[in-house]
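Okay, final-v7.pdb now, which holds PDB, C-alpha atoms:
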```pdb
ATOM      1  CA  MET B   1      15.983  -1.124  -1.178
ATOM      2  CA  ASP B   2      18.410   0.830  -3.381
ATOM      3  CA  GLN B   3      16.092   0.319  -6.339
ATOM      4  CA  GLY B   4      13.001   1.223  -4.300
ATOM      5  CA  TYR B   5      11.553  -2.246  -3.798
ATOM      6  CA  LYS B   6      12.147  -5.667  -2.271
ATOM      7  CA  TYR B   7      10.453  -8.944  -3.169
ATOM      8  CA  ILE B   8      10.162 -11.678  -0.510
ATOM      9  CA  PRO B   9       8.589 -14.970  -1.656
ATOM     10  CA  ASN B  10       6.663 -17.097   0.853
ATOM     11  CA  PHE B  11       6.706 -14.350   3.477
ATOM     12  CA  LEU B  12       3.703 -15.857   5.266
ATOM     13  CA  THR B  13       2.741 -19.491   5.668
ATOM     14  CA  GLU B  14      -0.650 -20.908   4.786
ATOM     15  CA  ASP B  15      -1.529 -21.090   8.493
ATOM     16  CA  GLU B  16      -0.659 -17.406   8.918
ATOM     17  CA  LEU B  17      -2.645 -16.424   5.832
ATOM     18  CA  ARG B  18      -5.870 -18.194   6.719
ATOM     19  CA  ASP B  19      -7.224 -15.753   9.320
ATOM     20  CA  ILE B  20      -5.903 -12.725   7.454
ATOM     21  CA  GLU B  21      -7.747 -13.720   4.301
ATOM     22  CA  ARG B  22     -10.933 -14.422   6.248
ATOM     23  CA  VAL B  23     -10.857 -10.934   7.764
ATOM     24  CA  CYS B  24     -10.187  -9.331   4.380
ATOM     25  CA  ASP B  25     -13.043 -11.278   2.779
ATOM     26  CA  THR B  26     -15.455 -10.240   5.532
ATOM     27  CA  PHE B  27     -14.470  -6.601   5.130
ATOM     28  CA  HIS B  28     -14.669  -6.772   1.335
ATOM     29  CA  SER B  29     -18.153  -8.311   1.321
ATOM     30  CA  GLN B  30     -19.476  -5.467   3.462
ATOM     31  CA  TRP B  31     -17.578  -2.856   1.454
ATOM     32  CA  LEU B  32     -19.148  -4.112  -1.791
ATOM     33  CA  LYS B  33     -22.639  -3.723  -0.326
ATOM     34  CA  GLU B  34     -21.902  -0.129   0.697
ATOM     35  CA  ASN B  35     -20.002   0.875  -2.454
ATOM     36  CA  GLU B  36     -21.673  -1.002  -5.303
ATOM     37  CA  GLU B  37     -21.841   1.947  -7.685
ATOM     38  CA  PHE B  38     -18.247   3.010  -7.018
ATOM     39  CA  TYR B  39     -17.062  -0.584  -7.508
ATOM     40  CA  LYS B  40     -18.881  -0.979 -10.812
ATOM     41  CA  ASN B  41     -17.680   2.377 -12.120
ATOM     42  CA  ARG B  42     -13.963   2.484 -11.375
ATOM     43  CA  ALA B  43     -12.815   1.176  -7.976
ATOM     44  CA  ILE B  44      -9.713  -0.990  -7.740
ATOM     45  CA  ASN B  45      -9.167  -0.845  -3.991
ATOM     46  CA  SER B  46     -10.753  -0.144  -0.627
ATOM     47  CA  ALA B  47      -9.164   1.206   2.542
ATOM     48  CA  TYR B  48      -9.338   1.504   6.341
ATOM     49  CA  LEU B  49      -9.676  -2.217   7.045
ATOM     50  CA  THR B  50      -8.910  -1.664  10.748
ATOM     51  CA  HIS B  51     -11.562   1.030  11.228
ATOM     52  CA  SER B  52     -13.472   0.398  14.447
ATOM     53  CA  ASN B  53     -16.817   0.722  12.647
ATOM     54  CA  LYS B  54     -15.847  -1.591   9.785
ATOM     55  CA  CYS B  55     -14.215  -4.475  11.583
ATOM     56  CA  SER B  56     -14.989  -6.474  14.717
ATOM     57  CA  PRO B  57     -12.560  -6.197  17.660
ATOM     58  CA  GLN B  58     -11.418  -9.777  17.038
ATOM     59  CA  ASP B  59     -10.799  -9.166  13.342
ATOM     60  CA  ARG B  60      -9.021  -5.888  14.061
ATOM     61  CA  MET B  61      -6.588  -7.763  16.280
ATOM     62  CA  VAL B  62      -5.828 -10.265  13.515
ATOM     63  CA  LEU B  63      -4.742  -7.358  11.330
ATOM     64  CA  PHE B  64      -2.964  -5.434  14.091
ATOM     65  CA  GLU B  65      -0.939  -8.505  15.022
ATOM     66  CA  LEU B  66       0.218  -8.736  11.403
ATOM     67  CA  ILE B  67       0.840  -4.982  11.031
ATOM     68  CA  GLY B  68       2.969  -4.927  14.185
ATOM     69  CA  SER B  69       4.504  -8.413  13.923
ATOM     70  CA  CYS B  70       8.172  -9.249  14.471
ATOM     71  CA  LYS B  71       8.444 -10.326  10.823
ATOM     72  CA  ILE B  72       7.267  -6.940   9.650
ATOM     73  CA  ARG B  73       9.392  -5.123  12.212
ATOM     74  CA  ASP B  74      12.582  -6.743  10.899
ATOM     75  CA  GLU B  75      11.847  -5.477   7.395
ATOM     76  CA  LEU B  76      10.876  -2.003   8.590
ATOM     77  CA  LYS B  77      14.064  -1.647  10.633
ATOM     78  CA  SER B  78      16.120  -2.171   7.469
ATOM     79  CA  ILE B  79      14.202   0.594   5.665
ATOM     80  CA  PHE B  80      13.683   3.244   8.344
ATOM     81  CA  ILE B  81      17.178   3.491   9.785
ATOM     82  CA  LYS B  82      17.100   6.759  11.721
ATOM     83  CA  GLU B  83      13.853   6.382  13.653
ATOM     84  CA  ASP B  84      10.907   4.070  14.111
ATOM     85  CA  PRO B  85       8.316   4.245  11.327
ATOM     86  CA  ALA B  86       4.605   4.724  11.896
ATOM     87  CA  PHE B  87       1.570   2.810  10.703
ATOM     88  CA  LEU B  88      -0.463   4.855   8.216
ATOM     89  CA  ASN B  89      -3.234   2.818   6.626
ATOM     90  CA  THR B  90      -4.381  -0.443   5.059
ATOM     91  CA  GLN B  91      -5.800  -1.061   1.596
ATOM     92  CA  LEU B  92      -7.295  -4.058  -0.164
ATOM     93  CA  PHE B  93      -6.607  -4.306  -3.905
ATOM     94  CA  PHE B  94      -8.813  -6.192  -6.356
ATOM     95  CA  ASP B  95      -9.547  -6.292 -10.092
ATOM     96  CA  PRO B  96     -11.894  -3.674 -11.552
ATOM     97  CA  PHE B  97     -15.469  -4.756 -12.228
ATOM     98  CA  ASN B  98     -15.115  -3.534 -15.815
ATOM     99  CA  LYS B  99     -12.626  -5.961 -17.381
ATOM    100  CA  SER B 100     -11.720  -3.416 -20.065
ATOM    101  CA  GLN B 101     -10.672  -0.812 -17.464
ATOM    102  CA  GLU B 102      -7.008  -0.055 -17.993
ATOM    103  CA  ASN B 103      -4.326   0.212 -15.349
ATOM    104  CA  TYR B 104      -2.237   3.353 -14.980
ATOM    105  CA  TRP B 105       1.289   4.432 -14.159
ATOM    106  CA  HIS B 106       1.489   6.754 -11.169
ATOM    107  CA  ARG B 107       3.401   7.902  -8.133
ATOM    108  CA  ASP B 108       1.306   8.125  -4.963
ATOM    109  CA  ILE B 109       2.664  11.608  -4.346
ATOM    110  CA  GLN B 110       0.831  12.944  -7.421
ATOM    111  CA  TYR B 111      -2.451  12.562  -5.517
ATOM    112  CA  THR B 112      -1.372  14.956  -2.766
ATOM    113  CA  ASP B 113      -1.765  18.733  -2.844
ATOM    114  CA  HIS B 114       1.917  19.144  -3.769
ATOM    115  CA  SER B 115       2.746  21.074  -6.927
ATOM    116  CA  ILE B 116       4.990  19.483  -9.548
ATOM    117  CA  GLU B 117       7.958  21.478  -8.236
ATOM    118  CA  GLU B 118       7.216  20.389  -4.681
ATOM    119  CA  GLN B 119       6.993  16.773  -5.829
ATOM    120  CA  LYS B 120      10.396  17.082  -7.496
ATOM    121  CA  LEU B 121      11.900  18.508  -4.313
ATOM    122  CA  ALA B 122      10.343  15.730  -2.241
ATOM    123  CA  LEU B 123      12.031  13.099  -4.403
ATOM    124  CA  GLU B 124      15.356  14.915  -4.365
ATOM    125  CA  ASN B 125      15.284  15.201  -0.565
ATOM    126  CA  SER B 126      13.754  11.771   0.085
ATOM    127  CA  VAL B 127      10.868  13.224   2.055
ATOM    128  CA  ASN B 128       7.318  11.908   2.277
ATOM    129  CA  ASN B 129       8.818   8.468   2.690
ATOM    130  CA  VAL B 130       5.896   6.049   2.516
ATOM    131  CA  VAL B 131       6.262   2.349   1.753
ATOM    132  CA  HIS B 132       3.733  -0.262   0.718
ATOM    133  CA  PHE B 133       3.937  -3.772   2.121
ATOM    134  CA  ARG B 134       1.830  -5.690  -0.413
ATOM    135  CA  LEU B 135       0.837  -9.176   0.689
ATOM    136  CA  ALA B 136      -0.679 -11.372  -2.025
ATOM    137  CA  LEU B 137      -3.676 -13.402  -0.888
ATOM    138  CA  LYS B 138      -3.961 -15.099  -4.286
ATOM    139  CA  ASN B 139      -1.602 -15.858  -7.156
ATOM    140  CA  GLU B 140      -1.708 -12.694  -9.267
ATOM    141  CA  ASN B 141      -0.013 -10.718 -12.019
ATOM    142  CA  GLY B 142       1.372  -8.343  -9.411
ATOM    143  CA  ILE B 143       3.015  -4.980 -10.025
ATOM    144  CA  GLU B 144       5.032  -3.302 -12.743
ATOM    145  CA  LEU B 145       7.468  -0.661 -11.552
ATOM    146  CA  ILE B 146      10.344   1.484 -12.740
ATOM    147  CA  PRO B 147      13.393   0.514 -10.621
ATOM    148  CA  GLY B 148      15.136   3.490  -9.051
ATOM    149  CA  SER B 149      12.376   5.963  -9.940
ATOM    150  CA  HIS B 150      11.662   6.598  -6.249
ATOM    151  CA  ALA B 151      14.868   8.655  -6.103
ATOM    152  CA  ARG B 152      14.641  10.634  -9.339
ATOM    153  CA  TRP B 153      12.176  12.608 -11.405
ATOM    154  CA  ASP B 154      10.493  11.251 -14.550
ATOM    155  CA  THR B 155      12.046  11.070 -17.957
ATOM    156  CA  ASP B 156      10.101  13.019 -20.585
ATOM    157  CA  GLN B 157       8.273   9.907 -21.735
ATOM    158  CA  GLU B 158       7.492   8.742 -18.200
ATOM    159  CA  PHE B 159       5.983  12.118 -17.356
ATOM    160  CA  LYS B 160       3.922  12.297 -20.549
ATOM    161  CA  THR B 161       2.639   8.766 -19.951
ATOM    162  CA  ARG B 162       1.896   9.210 -16.266
ATOM    163  CA  MET B 163       0.117  12.520 -16.820
ATOM    164  CA  ALA B 164      -1.561  11.573 -20.133
ATOM    165  CA  LEU B 165       0.094  14.329 -22.186
ATOM    166  CA  ASP B 166       0.679  14.682 -25.939
ATOM    167  CA  GLY B 167      -1.488  11.712 -26.833
ATOM    168  CA  SER B 168       0.066   9.330 -24.312
ATOM    169  CA  LYS B 169      -2.064   7.238 -21.974
ATOM    170  CA  PRO B 170      -1.189   6.225 -18.389
ATOM    171  CA  SER B 171      -1.675   2.589 -19.449
ATOM    172  CA  ASP B 172       0.976   2.763 -22.203
ATOM    173  CA  ASP B 173       4.003   0.529 -21.770
ATOM    174  CA  LEU B 174       7.236   2.085 -20.528
ATOM    175  CA  GLU B 175      10.534   0.650 -21.697
ATOM    176  CA  ASN B 176      12.094   0.347 -18.230
ATOM    177  CA  GLY B 177       9.103  -1.336 -16.607
ATOM    178  CA  GLN B 178       9.834  -4.435 -14.540
ATOM    179  CA  LYS B 179       6.968  -6.844 -13.892
ATOM    180  CA  ILE B 180       6.865  -8.724 -10.594
ATOM    181  CA  SER B 181       4.216 -11.405 -10.340
ATOM    182  CA  LEU B 182       3.132 -12.515  -6.882
ATOM    183  CA  ASN B 183       2.034 -15.835  -5.477
ATOM    184  CA  ARG B 184      -0.117 -16.324  -2.419
ATOM    185  CA  GLY B 185       1.917 -15.458   0.669
ATOM    186  CA  ASP B 186       4.531 -13.388  -1.187
ATOM    187  CA  LEU B 187       5.396  -9.885  -0.009
ATOM    188  CA  LEU B 188       6.417  -6.957  -2.199
ATOM    189  CA  ILE B 189       7.759  -3.890  -0.416
ATOM    190  CA  PHE B 190       7.982  -0.766  -2.547
ATOM    191  CA  SER B 191       8.264   2.987  -2.205
ATOM    192  CA  ALA B 192       5.042   4.895  -2.779
ATOM    193  CA  ASN B 193       7.126   7.544  -4.559
ATOM    194  CA  MET B 194       8.236   5.250  -7.367
ATOM    195  CA  ILE B 195       6.490   5.030 -10.727
ATOM    196  CA  HIS B 196       4.366   1.887 -10.683
ATOM    197  CA  ARG B 197       1.114   0.322 -11.826
ATOM    198  CA  GLY B 198      -0.955  -2.656 -10.770
ATOM    199  CA  LEU B 199      -1.368  -5.500 -13.246
ATOM    200  CA  TYR B 200      -5.019  -6.524 -13.408
ATOM    201  CA  GLY B 201      -6.314 -10.015 -14.072
ATOM    202  CA  ARG B 202      -6.353 -13.398 -12.311
ATOM    203  CA  GLU B 203      -8.840 -11.976  -9.767
ATOM    204  CA  ARG B 204      -6.164 -10.351  -7.670
ATOM    205  CA  LYS B 205      -6.622  -9.951  -3.942
ATOM    206  CA  ALA B 206      -3.802  -8.211  -2.111
ATOM    207  CA  LEU B 207      -3.558  -6.555   1.280
ATOM    208  CA  ASP B 208      -1.423  -3.426   1.420
ATOM    209  CA  ILE B 209      -0.094  -2.063   4.695
ATOM    210  CA  LEU B 210       1.308   1.456   4.477
ATOM    211  CA  TYR B 211       4.067   2.674   6.772
ATOM    212  CA  CYS B 212       5.703   6.080   6.816
ATOM    213  CA  GLU B 213       8.204   8.402   8.408
ATOM    214  CA  ARG B 214       7.029  10.257  11.513
ATOM    215  CA  ASP B 215       6.222  13.313   9.456
ATOM    216  CA  ARG B 216       3.171  15.334  10.503
ATOM    217  CA  GLU B 217       2.435  16.159   6.866
ATOM    218  CA  ILE B 218       1.954  12.459   6.214
ATOM    219  CA  LEU B 219       0.435  11.441   9.529
ATOM    220  CA  LYS B 220      -2.373  13.962   9.171
ATOM    221  CA  PHE B 221      -3.879  11.345   6.848
ATOM    222  CA  ALA B 222      -3.813   8.644   9.556
ATOM    223  CA  ASN B 223      -7.325   7.879  10.783
ATOM    224  CA  LYS B 224      -7.728   7.726  14.556
ATOM    225  CA  GLU B 225     -10.452   5.091  14.264
ATOM    226  CA  CYS B 226      -8.029   2.783  12.449
ATOM    227  CA  MET B 227      -5.563   2.739  15.342
ATOM    228  CA  PRO B 228      -5.549   0.230  18.213
ATOM    229  CA  THR B 229      -6.776   1.226  21.634
ATOM    230  CA  LYS B 230      -4.336   1.338  24.516
ATOM    231  CA  ASP B 231      -5.607  -2.056  25.681
ATOM    232  CA  GLU B 232      -5.180  -3.586  22.221
ATOM    233  CA  LEU B 233      -1.576  -2.390  22.090
ATOM    234  CA  ASN B 234      -0.646  -4.946  24.741
ATOM    235  CA  SER B 235      -1.060  -7.770  22.200
ATOM    236  CA  ILE B 236       1.087  -6.152  19.504
ATOM    237  CA  SER B 237       4.804  -6.921  19.224
ATOM    238  CA  PHE B 238       5.944  -3.691  17.527
ATOM    239  CA  GLN B 239       3.933  -1.215  19.580
ATOM    240  CA  GLU B 240       6.083   1.770  18.611
ATOM    241  CA  LEU B 241       4.295   1.875  15.253
ATOM    242  CA  PHE B 242       1.259   3.269  17.034
ATOM    243  CA  TYR B 243       2.877   5.626  19.529
ATOM    244  CA  LEU B 244       1.080   8.654  18.203
ATOM    245  CA  ASN B 245      -0.772  10.201  21.129
ATOM    246  CA  GLU B 246      -3.224  12.078  18.936
ATOM    247  CA  ASN B 247      -4.252   8.862  17.196
ATOM    248  CA  LEU B 248      -4.561   6.390  20.079
ATOM    249  CA  GLY B 249      -8.005   5.722  21.483
TER     250      GLY B 249
END
```

For the file at hand, write its structure as structure tokens.
Amino acid sequence: MDQGYKYIPNFLTEDELRDIERVCDTFHSQWLKENEEFYKNRAINSAYLTHSNKCSPQDRMVLFELIGSCKIRDELKSIFIKEDPAFLNTQLFFDPFNKSQENYWHRDIQYTDHSIEEQKLALENSVNNVVHFRLALKNENGIELIPGSHARWDTDQEFKTRMALDGSKPSDDLENGQKISLNRGDLLIFSANMIHRGLYGRERKALDILYCERDREILKFANKECMPTKDELNSISFQELFYLNENLG
């Protein structure tokens, strides 16, 4: 992942996708009922799909078996070389209700409490290492990203665009953007630190699984209710993802 991302077509088979999509659809239907106003105003994703109050035990296990699968483990081992990563969260991405709502360039780190200088230092020192595993549940337009931007700070134009400065908008095109469309079953792995934006349209439906370094500053955002119980761990291949004593039920 020298450029900050990796694209794997046909990562999951249709048989593997079927139950995963069913669980995501069940969660999404309930989420829409509880968040109708938010959805109609600006939402483009939901989160905490494995929360014990949002998902049945059977559906949680479908997701946990994917999150901690051998397929996923092989990819994680090639990214997190020094130590085992940890599971952080899940998100479900969809198109905005308002079809004129524009997408936006961003780095995930800009939504933390880090100052600009702290964000620069984090990139320079490769800290706050969080990666998205985005699994497409439908054919979609995918993601546009700036290759290599996970390991460097913005150019002047990137910063102005991302932060909406000097008349620029976060939805403006950037000259180094690379578009990666996704088909059902494809996987896109990318650094949360890189400059990227989702490409709306085609009724996208994508499940994101977030993994991170075992950094307490990151793991403070992990929700205990989204973690498997000790009994549920027995059915998960890559159990080390959840070996966080303060988060296990």

Hey, which of B:Ile195, B:Phe97, B:Ile8, B:Ser171 ends up closest to Leu32 in chain B? Count only C-alpha atoms.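 Checking each of B:Ile195, B:Phe97, B:Ile8, B:Ser171 against Leu32 in chain B, counting only C-alpha atoms, the winner is B:Phe97.
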
Which residues are close to Lys205 in chain B, i.e. within 6 Å by all atoms listed in the file, leaving aside same-chain residues fewer than 2 positions away? Reply as an MDAnalysis selection string. chainID B and resid 93:94 137:138

Explicit residues for the PyMOL selection byres ((chain B and resi 87-91) around 9) (as a tab-separated table (two decimals) with C-alpha atoms, in the coordinates of the input):
```
chain	number	residue	atom	x	y	z
B	45	ASN	CA	-9.17	-0.84	-3.99
B	46	SER	CA	-10.75	-0.14	-0.63
B	47	ALA	CA	-9.16	1.21	2.54
B	48	TYR	CA	-9.34	1.50	6.34
B	49	LEU	CA	-9.68	-2.22	7.04
B	50	THR	CA	-8.91	-1.66	10.75
B	67	ILE	CA	0.84	-4.98	11.03
B	68	GLY	CA	2.97	-4.93	14.18
B	85	PRO	CA	8.32	4.24	11.33
B	86	ALA	CA	4.61	4.72	11.90
B	92	LEU	CA	-7.30	-4.06	-0.16
B	93	PHE	CA	-6.61	-4.31	-3.90
B	130	VAL	CA	5.90	6.05	2.52
B	206	ALA	CA	-3.80	-8.21	-2.11
B	207	LEU	CA	-3.56	-6.56	1.28
B	208	ASP	CA	-1.42	-3.43	1.42
B	209	ILE	CA	-0.09	-2.06	4.70
B	210	LEU	CA	1.31	1.46	4.48
B	211	TYR	CA	4.07	2.67	6.77
B	212	CYS	CA	5.70	6.08	6.82
B	213	GLU	CA	8.20	8.40	8.41
B	218	ILE	CA	1.95	12.46	6.21
B	219	LEU	CA	0.44	11.44	9.53
B	221	PHE	CA	-3.88	11.34	6.85
B	222	ALA	CA	-3.81	8.64	9.56
B	223	ASN	CA	-7.32	7.88	10.78
B	226	CYS	CA	-8.03	2.78	12.45
B	227	MET	CA	-5.56	2.74	15.34
B	241	LEU	CA	4.30	1.88	15.25
B	242	PHE	CA	1.26	3.27	17.03
```

Kindly give the distance, in Å, that separates CA of Asn193 in chain B and CA of Leu145 in chain B, rounded to a single decimal. 10.8 Å

For this file, the PyMOL selection byres ((chain B and resi 42) around 10) selects which residues, as a ChimeraX atom specification? /B:37-41,43-45,95-98,101-102

From the list B:Asn139, B:Thr26, B:Asn234, B:Ser115, which residue is nearest Arg204 in chain B when using all atoms listed in the file?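 Of B:Asn139, B:Thr26, B:Asn234, B:Ser115, the one nearest Arg204 in chain B is B:Asn139, counting all atoms listed in the file.
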
Work out how far CA of Ile146 in chain B is from CA of His196 in chain B, in Å to one decimal.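 Value for the CA of His196 in chain B-CA of Ile146 in chain B distance: 6.3 Å.
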
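We find CA of Lys54 in chain B and CA of Thr229 in chain B to be spaced 15.2 Å apart.
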
Please enumerate the residues selected by the PyMOL selection byres ((chain B and resi 9-18) around 10) when evaluated against the supplied file, formatted as a ChimeraX atom specification. /B:6-8,19-23,62,66,71-72,135-137,182-188

With all atoms listed in the file as the counted atoms, please give the residues lying no more than 8 Å from range 108-113 of chain B, apart from itself and same-chain residues fewer than 4 positions off, as a PyMOL selection string. chain B and resi 119+192-194

Ranking B:His114, B:Asp166, B:Trp105, B:Trp31 by minimum distance to Ser149 in chain B and counting all atoms listed in the file, which one comes first? B:Trp105

Report as lines of an AutoDock Vina configuration file the centre and the edge lengths, in Å to one decimal, of the axis-aligned box holding every listed atom of range 43-60 of chain B, padded by 8 Å on each side.
```
center_x = -12.9
center_y = -4.1
center_z = 4.8
size_x = 23.9
size_y = 27.3
size_z = 41.6
```

Using all atoms listed in the file, pick whichever of B:Glu217, B:Glu144, B:Asp25, B:Glu240 has the shortest atom-to-atom distance to Lys179 in chain B.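 With all atoms listed in the file as the atom set, the closest residue is B:Glu144.
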
Find, counting all atoms listed in the file, the residue in B:Gln58, B:Asn176, B:Asn141, B:Ser69 that gets nearest to Phe238 in chain B. B:Ser69

Generate N, CA and C atoms for range 164-185 of chain B and emit them as a PDB file, in the frame of the given file.
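For reference, out_19.pdb as written:
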```
ATOM      1  N   ALA B 164      -0.707  11.629 -18.939  1.00  0.00           N
ATOM      2  CA  ALA B 164      -1.561  11.573 -20.133  1.00  0.00           C
ATOM      3  C   ALA B 164      -1.418  12.832 -20.993  1.00  0.00           C
ATOM      4  N   LEU B 165      -0.192  13.141 -21.385  1.00  0.00           N
ATOM      5  CA  LEU B 165       0.094  14.329 -22.186  1.00  0.00           C
ATOM      6  C   LEU B 165       0.493  13.944 -23.609  1.00  0.00           C
ATOM      7  N   ASP B 166       0.250  14.838 -24.538  1.00  0.00           N
ATOM      8  CA  ASP B 166       0.679  14.682 -25.939  1.00  0.00           C
ATOM      9  C   ASP B 166       0.249  13.348 -26.547  1.00  0.00           C
ATOM     10  N   GLY B 167      -0.965  12.935 -26.243  1.00  0.00           N
ATOM     11  CA  GLY B 167      -1.488  11.712 -26.833  1.00  0.00           C
ATOM     12  C   GLY B 167      -1.111  10.437 -26.117  1.00  0.00           C
ATOM     13  N   SER B 168      -0.307  10.520 -25.077  1.00  0.00           N
ATOM     14  CA  SER B 168       0.066   9.330 -24.312  1.00  0.00           C
ATOM     15  C   SER B 168      -1.047   8.974 -23.327  1.00  0.00           C
ATOM     16  N   LYS B 169      -1.099   7.706 -22.963  1.00  0.00           N
ATOM     17  CA  LYS B 169      -2.064   7.238 -21.974  1.00  0.00           C
ATOM     18  C   LYS B 169      -1.319   6.639 -20.784  1.00  0.00           C
ATOM     19  N   PRO B 170      -1.852   6.788 -19.569  1.00  0.00           N
ATOM     20  CA  PRO B 170      -1.189   6.225 -18.389  1.00  0.00           C
ATOM     21  C   PRO B 170      -1.033   4.701 -18.440  1.00  0.00           C
ATOM     22  N   SER B 171      -1.771   4.040 -19.324  1.00  0.00           N
ATOM     23  CA  SER B 171      -1.675   2.589 -19.449  1.00  0.00           C
ATOM     24  C   SER B 171      -0.650   2.151 -20.498  1.00  0.00           C
ATOM     25  N   ASP B 172      -0.024   3.113 -21.190  1.00  0.00           N
ATOM     26  CA  ASP B 172       0.976   2.763 -22.203  1.00  0.00           C
ATOM     27  C   ASP B 172       2.182   2.080 -21.549  1.00  0.00           C
ATOM     28  N   ASP B 173       2.808   1.188 -22.288  1.00  0.00           N
ATOM     29  CA  ASP B 173       4.003   0.529 -21.770  1.00  0.00           C
ATOM     30  C   ASP B 173       5.161   1.516 -21.687  1.00  0.00           C
ATOM     31  N   LEU B 174       6.002   1.324 -20.677  1.00  0.00           N
ATOM     32  CA  LEU B 174       7.236   2.085 -20.528  1.00  0.00           C
ATOM     33  C   LEU B 174       8.415   1.124 -20.651  1.00  0.00           C
ATOM     34  N   GLU B 175       9.457   1.566 -21.328  1.00  0.00           N
ATOM     35  CA  GLU B 175      10.534   0.650 -21.697  1.00  0.00           C
ATOM     36  C   GLU B 175      11.303   0.094 -20.490  1.00  0.00           C
ATOM     37  N   ASN B 176      11.324   0.813 -19.393  1.00  0.00           N
ATOM     38  CA  ASN B 176      12.094   0.347 -18.230  1.00  0.00           C
ATOM     39  C   ASN B 176      11.234  -0.382 -17.201  1.00  0.00           C
ATOM     40  N   GLY B 177       9.981  -0.671 -17.552  1.00  0.00           N
ATOM     41  CA  GLY B 177       9.103  -1.336 -16.607  1.00  0.00           C
ATOM     42  C   GLY B 177       9.554  -2.749 -16.269  1.00  0.00           C
ATOM     43  N   GLN B 178       9.498  -3.080 -15.007  1.00  0.00           N
ATOM     44  CA  GLN B 178       9.834  -4.435 -14.540  1.00  0.00           C
ATOM     45  C   GLN B 178       8.613  -5.045 -13.875  1.00  0.00           C
ATOM     46  N   LYS B 179       8.148  -6.171 -14.416  1.00  0.00           N
ATOM     47  CA  LYS B 179       6.968  -6.844 -13.892  1.00  0.00           C
ATOM     48  C   LYS B 179       7.362  -7.831 -12.806  1.00  0.00           C
ATOM     49  N   ILE B 180       6.612  -7.807 -11.709  1.00  0.00           N
ATOM     50  CA  ILE B 180       6.865  -8.724 -10.594  1.00  0.00           C
ATOM     51  C   ILE B 180       5.555  -9.415 -10.256  1.00  0.00           C
ATOM     52  N   SER B 181       5.423 -10.648 -10.676  1.00  0.00           N
ATOM     53  CA  SER B 181       4.216 -11.405 -10.340  1.00  0.00           C
ATOM     54  C   SER B 181       4.319 -11.898  -8.908  1.00  0.00           C
ATOM     55  N   LEU B 182       3.172 -12.113  -8.282  1.00  0.00           N
ATOM     56  CA  LEU B 182       3.132 -12.515  -6.882  1.00  0.00           C
ATOM     57  C   LEU B 182       2.311 -13.780  -6.719  1.00  0.00           C
ATOM     58  N   ASN B 183       2.789 -14.651  -5.863  1.00  0.00           N
ATOM     59  CA  ASN B 183       2.034 -15.835  -5.477  1.00  0.00           C
ATOM     60  C   ASN B 183       1.500 -15.648  -4.063  1.00  0.00           C
ATOM     61  N   ARG B 184       0.494 -16.402  -3.741  1.00  0.00           N
ATOM     62  CA  ARG B 184      -0.117 -16.324  -2.419  1.00  0.00           C
ATOM     63  C   ARG B 184       0.950 -16.438  -1.327  1.00  0.00           C
ATOM     64  N   GLY B 185       0.948 -15.463  -0.422  1.00  0.00           N
ATOM     65  CA  GLY B 185       1.917 -15.458   0.669  1.00  0.00           C
ATOM     66  C   GLY B 185       3.165 -14.654   0.398  1.00  0.00           C
TER      67      GLY B 185
END
```
